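Undergrad: Okay, so here is entry33.pdb, and as you'll see once you scroll down, it has PDB, C-alpha atoms.
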```pdb
ATOM      1  CA  MET M   1      53.462 295.830  47.538
ATOM      2  CA  THR M   2      51.316 298.680  48.677
ATOM      3  CA  VAL M   3      49.603 299.638  51.893
ATOM      4  CA  ARG M   4      46.122 299.892  50.374
ATOM      5  CA  GLY M   5      46.473 297.024  47.927
ATOM      6  CA  VAL M   6      46.499 299.281  44.839
ATOM      7  CA  PRO M   7      50.000 299.997  43.552
ATOM      8  CA  PRO M   8      50.954 303.566  42.653
ATOM      9  CA  TYR M   9      51.144 304.359  38.964
ATOM     10  CA  GLY M  10      54.144 302.666  37.370
ATOM     11  CA  LYS M  11      54.745 300.285  40.280
ATOM     12  CA  VAL M  12      54.549 296.530  39.801
ATOM     13  CA  PRO M  13      52.879 294.771  42.736
ATOM     14  CA  MET M  14      54.948 291.943  44.218
ATOM     15  CA  SER M  15      53.241 288.887  45.642
ATOM     16  CA  VAL M  16      54.592 287.238  48.758
ATOM     17  CA  GLN M  17      55.580 284.251  46.620
ATOM     18  CA  MET M  18      57.611 286.451  44.237
ATOM     19  CA  VAL M  19      59.452 288.017  47.163
ATOM     20  CA  LEU M  20      60.125 284.748  48.981
ATOM     21  CA  LEU M  21      61.095 282.536  46.030
ATOM     22  CA  PRO M  22      64.738 283.716  45.860
ATOM     23  CA  VAL M  23      64.970 283.230  49.632
ATOM     24  CA  PHE M  24      63.705 279.655  49.284
ATOM     25  CA  VAL M  25      66.235 279.007  46.505
ATOM     26  CA  GLN M  26      69.030 280.350  48.748
ATOM     27  CA  VAL M  27      67.852 278.094  51.571
ATOM     28  CA  GLY M  28      67.825 275.211  49.076
ATOM     29  CA  LEU M  29      71.466 275.924  48.243
ATOM     30  CA  THR M  30      72.301 275.829  51.940
ATOM     31  CA  PHE M  31      70.606 272.452  52.400
ATOM     32  CA  ALA M  32      72.255 271.080  49.243
ATOM     33  CA  LEU M  33      75.665 272.044  50.629
ATOM     34  CA  LEU M  34      74.776 270.489  53.993
ATOM     35  CA  ILE M  35      73.844 267.210  52.320
ATOM     36  CA  GLY M  36      76.962 267.365  50.139
ATOM     37  CA  MET M  37      79.087 267.921  53.243
ATOM     38  CA  VAL M  38      77.505 264.932  55.009
ATOM     39  CA  PHE M  39      78.139 262.641  52.030
ATOM     40  CA  ALA M  40      81.715 263.892  51.552
ATOM     41  CA  ARG M  41      82.536 263.405  55.226
ATOM     42  CA  ARG M  42      80.853 260.012  55.364
ATOM     43  CA  LYS M  43      82.814 258.887  52.308
ATOM     44  CA  THR M  44      86.141 259.770  53.952
ATOM     45  CA  LEU M  45      85.146 257.961  57.149
ATOM     46  CA  VAL M  46      83.969 254.826  55.344
ATOM     47  CA  SER M  47      87.084 254.713  53.135
ATOM     48  CA  GLY M  48      89.345 255.098  56.164
ATOM     49  CA  GLU M  49      90.878 258.306  54.810
ATOM     50  CA  THR M  50      89.717 259.976  58.019
ATOM     51  CA  SER M  51      89.336 258.273  61.386
ATOM     52  CA  ILE M  52      86.789 259.182  64.030
ATOM     53  CA  ARG M  53      89.483 260.012  66.595
ATOM     54  CA  ASP M  54      90.961 262.584  64.180
ATOM     55  CA  ILE M  55      87.755 264.629  64.112
ATOM     56  CA  ALA M  56      85.854 263.596  67.271
ATOM     57  CA  LEU M  57      86.415 266.900  69.069
ATOM     58  CA  GLY M  58      85.900 269.079  66.022
ATOM     59  CA  GLU M  59      89.522 269.063  64.917
ATOM     60  CA  PRO M  60      89.974 270.299  61.344
ATOM     61  CA  ASN M  61      91.331 266.986  60.042
ATOM     62  CA  TRP M  62      88.972 266.417  57.138
ATOM     63  CA  PRO M  63      90.486 266.037  53.654
ATOM     64  CA  LYS M  64      90.527 268.999  51.282
ATOM     65  CA  GLY M  65      87.319 268.196  49.350
ATOM     66  CA  ALA M  66      85.210 267.652  52.476
ATOM     67  CA  THR M  67      86.670 270.806  54.026
ATOM     68  CA  GLN M  68      85.843 272.885  50.940
ATOM     69  CA  ILE M  69      82.193 271.831  51.036
ATOM     70  CA  ALA M  70      82.002 272.359  54.816
ATOM     71  CA  ASN M  71      83.520 275.824  54.534
ATOM     72  CA  CYS M  72      81.129 276.717  51.719
ATOM     73  CA  TYR M  73      78.207 275.479  53.810
ATOM     74  CA  ARG M  74      79.371 277.536  56.811
ATOM     75  CA  ASN M  75      79.711 280.545  54.517
ATOM     76  CA  GLN M  76      75.942 280.409  53.832
ATOM     77  CA  PHE M  77      75.418 281.665  57.408
ATOM     78  CA  GLU M  78      77.429 284.819  56.862
ATOM     79  CA  LEU M  79      76.478 287.132  53.977
ATOM     80  CA  PRO M  80      73.096 285.536  53.124
ATOM     81  CA  VAL M  81      71.850 286.366  56.624
ATOM     82  CA  LEU M  82      71.695 290.005  55.505
ATOM     83  CA  LEU M  83      69.364 288.983  52.658
ATOM     84  CA  TYR M  84      67.125 287.117  55.096
ATOM     85  CA  VAL M  85      66.927 290.117  57.417
ATOM     86  CA  LEU M  86      66.201 292.508  54.555
ATOM     87  CA  ILE M  87      63.360 290.389  53.230
ATOM     88  CA  ALA M  88      62.021 289.793  56.752
ATOM     89  CA  LEU M  89      61.790 293.575  57.158
ATOM     90  CA  ALA M  90      60.742 294.592  53.652
ATOM     91  CA  LEU M  91      57.925 292.078  53.303
ATOM     92  CA  PRO M  92      55.744 293.027  56.319
ATOM     93  CA  LEU M  93      56.569 296.720  55.850
ATOM     94  CA  ARG M  94      55.359 296.411  52.244
ATOM     95  CA  HIS M  95      58.560 297.725  50.727
ATOM     96  CA  ALA M  96      59.471 294.585  48.788
ATOM     97  CA  ASP M  97      59.139 295.878  45.250
ATOM     98  CA  LEU M  98      60.434 294.826  41.836
ATOM     99  CA  PHE M  99      63.935 296.174  42.537
ATOM    100  CA  ILE M 100      64.193 294.148  45.750
ATOM    101  CA  VAL M 101      62.972 290.975  44.029
ATOM    102  CA  LEU M 102      65.266 291.342  41.008
ATOM    103  CA  MET M 103      68.292 292.135  43.154
ATOM    104  CA  SER M 104      67.443 289.184  45.422
ATOM    105  CA  TRP M 105      67.680 286.943  42.369
ATOM    106  CA  VAL M 106      70.980 288.520  41.312
ATOM    107  CA  PHE M 107      72.329 287.972  44.823
ATOM    108  CA  VAL M 108      71.215 284.333  44.841
ATOM    109  CA  VAL M 109      72.851 283.775  41.452
ATOM    110  CA  THR M 110      76.116 285.165  42.857
ATOM    111  CA  ARG M 111      75.794 282.756  45.804
ATOM    112  CA  PHE M 112      75.375 279.794  43.458
ATOM    113  CA  ALA M 113      78.369 280.919  41.394
ATOM    114  CA  HIS M 114      80.410 281.465  44.566
ATOM    115  CA  ALA M 115      79.478 278.005  45.865
ATOM    116  CA  GLY M 116      80.314 276.431  42.508
ATOM    117  CA  VAL M 117      83.809 277.881  42.526
ATOM    118  CA  PHE M 118      84.241 277.192  46.245
ATOM    119  CA  VAL M 119      83.520 273.455  46.026
ATOM    120  CA  SER M 120      85.308 272.865  42.718
ATOM    121  CA  SER M 121      88.489 274.728  41.770
ATOM    122  CA  ASN M 122      88.390 277.014  44.815
ATOM    123  CA  ASP M 123      90.130 279.635  42.692
ATOM    124  CA  LEU M 124      90.403 282.415  45.267
ATOM    125  CA  GLY M 125      90.567 285.181  42.648
ATOM    126  CA  ARG M 126      87.329 284.121  40.939
ATOM    127  CA  ARG M 127      85.665 283.275  44.231
ATOM    128  CA  SER M 128      86.539 286.681  45.709
ATOM    129  CA  THR M 129      85.280 288.532  42.654
ATOM    130  CA  ILE M 130      81.956 286.699  42.758
ATOM    131  CA  TRP M 131      81.699 287.262  46.527
ATOM    132  CA  LEU M 132      82.327 290.987  46.054
ATOM    133  CA  ALA M 133      79.616 291.147  43.380
ATOM    134  CA  GLY M 134      77.177 289.621  45.867
ATOM    135  CA  VAL M 135      78.259 292.075  48.557
ATOM    136  CA  LEU M 136      77.710 295.034  46.236
ATOM    137  CA  VAL M 137      74.266 293.783  45.189
ATOM    138  CA  LEU M 138      73.258 293.311  48.818
ATOM    139  CA  LEU M 139      74.664 296.711  49.767
ATOM    140  CA  ALA M 140      72.648 298.333  46.972
ATOM    141  CA  MET M 141      69.544 296.555  48.227
ATOM    142  CA  TRP M 142      70.088 297.781  51.777
ATOM    143  CA  ILE M 143      70.764 301.363  50.662
ATOM    144  CA  TYR M 144      67.645 301.310  48.491
ATOM    145  CA  PHE M 145      65.562 299.863  51.328
ATOM    146  CA  ALA M 146      66.926 302.399  53.831
ATOM    147  CA  LEU M 147      66.179 305.285  51.477
ATOM    148  CA  LYS M 148      62.668 303.982  50.897
ATOM    149  CA  MET M 149      62.073 303.705  54.635
ATOM    150  CA  LEU M 150      63.702 306.956  55.701
ATOM    151  CA  LEU M 151      62.844 309.209  52.777
ATOM    152  CA  LEU M 152      59.644 307.449  51.745
ATOM    153  CA  ILE M 153      60.649 307.236  48.079
TER     154      ILE M 153
END
```
Hey, can you dump this file as structure tokens for me?

TA:
Amino acid sequence: MTVRGVPPYGKVPMSVQMVLLPVFVQVGLTFALLIGMVFARRKTLVSGETSIRDIALGEPNWPKGATQIANCYRNQFELPVLLYVLIALALPLRHADLFIVLMSWVFVVTRFAHAGVFVSSNDLGRRSTIWLAGVLVLLAMWIYFALKMLLLI
């Protein structure tokens, strides 16, 4: 995006929709995990595997599967918040360019992969590697954005 509406030579203009689409997909993942958590918890309550008194005050007495989904859902309010803040700054400041959009998609893909491992095998080695990849992508995005803002590159 450019200040005057005409991109500099060699720059690809980014529409608001292009910038926000990966954010909407990330939000969709968060809602999908929320719904999955509700169904998993409801199933354990209906089957009698968990009783209301065991969890009424927020005690961590849910079975493993329901806990995995809940933890994955809660995790969507940690690292992804930095993506939301970056886009919320880059978009109105007109610094959301092709690099930011592409890296946003890479980050969102890492979040889907992380969630997939988290709610299935929960293999900590794989999950940690995917998480670290997402962290590095987001760090690169923030460094790039900071350099653009501070050095006007």

Undergrad: On this structure, which residues satisfy the PyMOL selection byres ((chain M and resi 86-102) around 8), written as number ranges by chain?

TA: M: 1-3, 11-14, 16, 18-20, 22, 82-85, 103-106, 141-142, 145, 148-149

Undergrad: Pick from M:Arg126, M:His114, M:Val119, M:Thr50: nearest to Gln68 in chain M, with all atoms listed in the file counted?

TA: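 The closest residue to Gln68 in chain M is M:Val119.
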
Undergrad: So which residues are close to (75.4, 283.4, 55.0), meaning at most 12 Å away in the file's coordinates with only C-alpha atoms counted, and can you show them as a list of chain:residue names?

TA: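 Answer for this query, in the requested form: M:Val23, M:Gln26, M:Val27, M:Leu29, M:Thr30, M:Asn71, M:Cys72, M:Tyr73, M:Arg74, M:Asn75, M:Gln76, M:Phe77, M:Glu78, M:Leu79, M:Pro80, M:Val81, M:Leu82, M:Leu83, M:Tyr84, M:Val85, M:Phe107, M:Val108, M:Arg111, M:His114, M:Ala115, M:Trp131, M:Gly134, M:Val135, M:Leu138.
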
Undergrad: State, in Å with one decimal place, the distance from CA of Lys43 in chain M to CA of Val117 in chain M.

TA: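 According to the coordinates, CA of Lys43 in chain M and CA of Val117 in chain M are separated by 21.4 Å.
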
Undergrad: Pick out the residues sitting within 12 Å of Ala40 in chain M, and hand them over as a short mmCIF file (atom, residue, chain, number, x, y, z; two decimals) with C-alpha atoms, in the frame of the given file; count all atoms listed in the file, and ignore anything fewer than 2 positions along from it in its own chain.

TA:
```cif
data_model
loop_
_atom_site.label_atom_id
_atom_site.label_comp_id
_atom_site.auth_asym_id
_atom_site.auth_seq_id
_atom_site.Cartn_x
_atom_site.Cartn_y
_atom_site.Cartn_z
CA LEU M 33 75.67 272.04 50.63
CA LEU M 34 74.78 270.49 53.99
CA ILE M 35 73.84 267.21 52.32
CA GLY M 36 76.96 267.36 50.14
CA MET M 37 79.09 267.92 53.24
CA VAL M 38 77.50 264.93 55.01
CA ARG M 42 80.85 260.01 55.36
CA LYS M 43 82.81 258.89 52.31
CA THR M 44 86.14 259.77 53.95
CA LEU M 45 85.15 257.96 57.15
CA VAL M 46 83.97 254.83 55.34
CA SER M 47 87.08 254.71 53.14
CA GLU M 49 90.88 258.31 54.81
CA THR M 50 89.72 259.98 58.02
CA TRP M 62 88.97 266.42 57.14
CA PRO M 63 90.49 266.04 53.65
CA LYS M 64 90.53 269.00 51.28
CA GLY M 65 87.32 268.20 49.35
CA ALA M 66 85.21 267.65 52.48
CA THR M 67 86.67 270.81 54.03
CA GLN M 68 85.84 272.88 50.94
CA ILE M 69 82.19 271.83 51.04
CA ALA M 70 82.00 272.36 54.82
CA VAL M 119 83.52 273.46 46.03
#
```

Undergrad: Rounded to one decimal, what separation in Å do you get between CA of Phe112 in chain M and CA of Asn61 in chain M?

TA: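 These atoms are spaced 26.3 Å apart.
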
Undergrad: Take range 110-127 of chain M, bring it up to N, CA, C and O atoms, and give me the output as a compact mmCIF listing (two decimals), keeping the file's coordinate frame.

TA:
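File produced: result19.txt:
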```
# COMPACT_ATOMS: atom_id res chain seq x y z
N THR M 110 74.71 285.02 42.44
CA THR M 110 76.12 285.17 42.86
C THR M 110 76.48 284.13 43.91
O THR M 110 77.60 283.64 43.95
N ARG M 111 75.53 283.77 44.77
CA ARG M 111 75.79 282.76 45.80
C ARG M 111 75.99 281.38 45.17
O ARG M 111 76.85 280.61 45.60
N PHE M 112 75.20 281.07 44.15
CA PHE M 112 75.38 279.79 43.46
C PHE M 112 76.73 279.76 42.74
O PHE M 112 77.43 278.75 42.78
N ALA M 113 77.08 280.85 42.08
CA ALA M 113 78.37 280.92 41.39
C ALA M 113 79.51 280.81 42.40
O ALA M 113 80.50 280.08 42.17
N HIS M 114 79.39 281.51 43.51
CA HIS M 114 80.41 281.46 44.57
C HIS M 114 80.56 280.04 45.09
O HIS M 114 81.68 279.53 45.22
N ALA M 115 79.44 279.38 45.36
CA ALA M 115 79.48 278.00 45.86
C ALA M 115 80.09 277.07 44.83
O ALA M 115 80.87 276.17 45.17
N GLY M 116 79.76 277.27 43.56
CA GLY M 116 80.31 276.43 42.51
C GLY M 116 81.82 276.51 42.45
O GLY M 116 82.51 275.48 42.34
N VAL M 117 82.35 277.72 42.54
CA VAL M 117 83.81 277.88 42.53
C VAL M 117 84.40 277.33 43.82
O VAL M 117 85.43 276.65 43.81
N PHE M 118 83.75 277.60 44.93
CA PHE M 118 84.24 277.19 46.24
C PHE M 118 84.43 275.68 46.32
O PHE M 118 85.47 275.20 46.80
N VAL M 119 83.45 274.91 45.87
CA VAL M 119 83.52 273.46 46.03
C VAL M 119 84.23 272.75 44.87
O VAL M 119 84.44 271.55 44.93
N SER M 120 84.60 273.49 43.84
CA SER M 120 85.31 272.86 42.72
C SER M 120 86.77 273.31 42.71
O SER M 120 87.57 272.82 43.49
N SER M 121 87.09 274.29 41.90
CA SER M 121 88.49 274.73 41.77
C SER M 121 88.97 275.51 42.98
O SER M 121 90.17 275.55 43.26
N ASN M 122 88.07 276.14 43.67
CA ASN M 122 88.39 277.01 44.82
C ASN M 122 89.40 278.09 44.42
O ASN M 122 90.24 278.49 45.21
N ASP M 123 89.29 278.55 43.19
CA ASP M 123 90.13 279.64 42.69
C ASP M 123 89.79 280.90 43.49
O ASP M 123 88.71 281.48 43.31
N LEU M 124 90.69 281.31 44.35
CA LEU M 124 90.40 282.42 45.27
C LEU M 124 90.13 283.73 44.53
O LEU M 124 89.28 284.51 44.96
N GLY M 125 90.80 283.96 43.42
CA GLY M 125 90.57 285.18 42.65
C GLY M 125 89.14 285.24 42.11
O GLY M 125 88.44 286.25 42.29
N ARG M 126 88.71 284.18 41.46
CA ARG M 126 87.33 284.12 40.94
C ARG M 126 86.32 284.15 42.07
O ARG M 126 85.30 284.83 42.00
N ARG M 127 86.59 283.35 43.11
CA ARG M 127 85.66 283.27 44.23
C ARG M 127 85.50 284.64 44.90
O ARG M 127 84.39 285.06 45.22
```
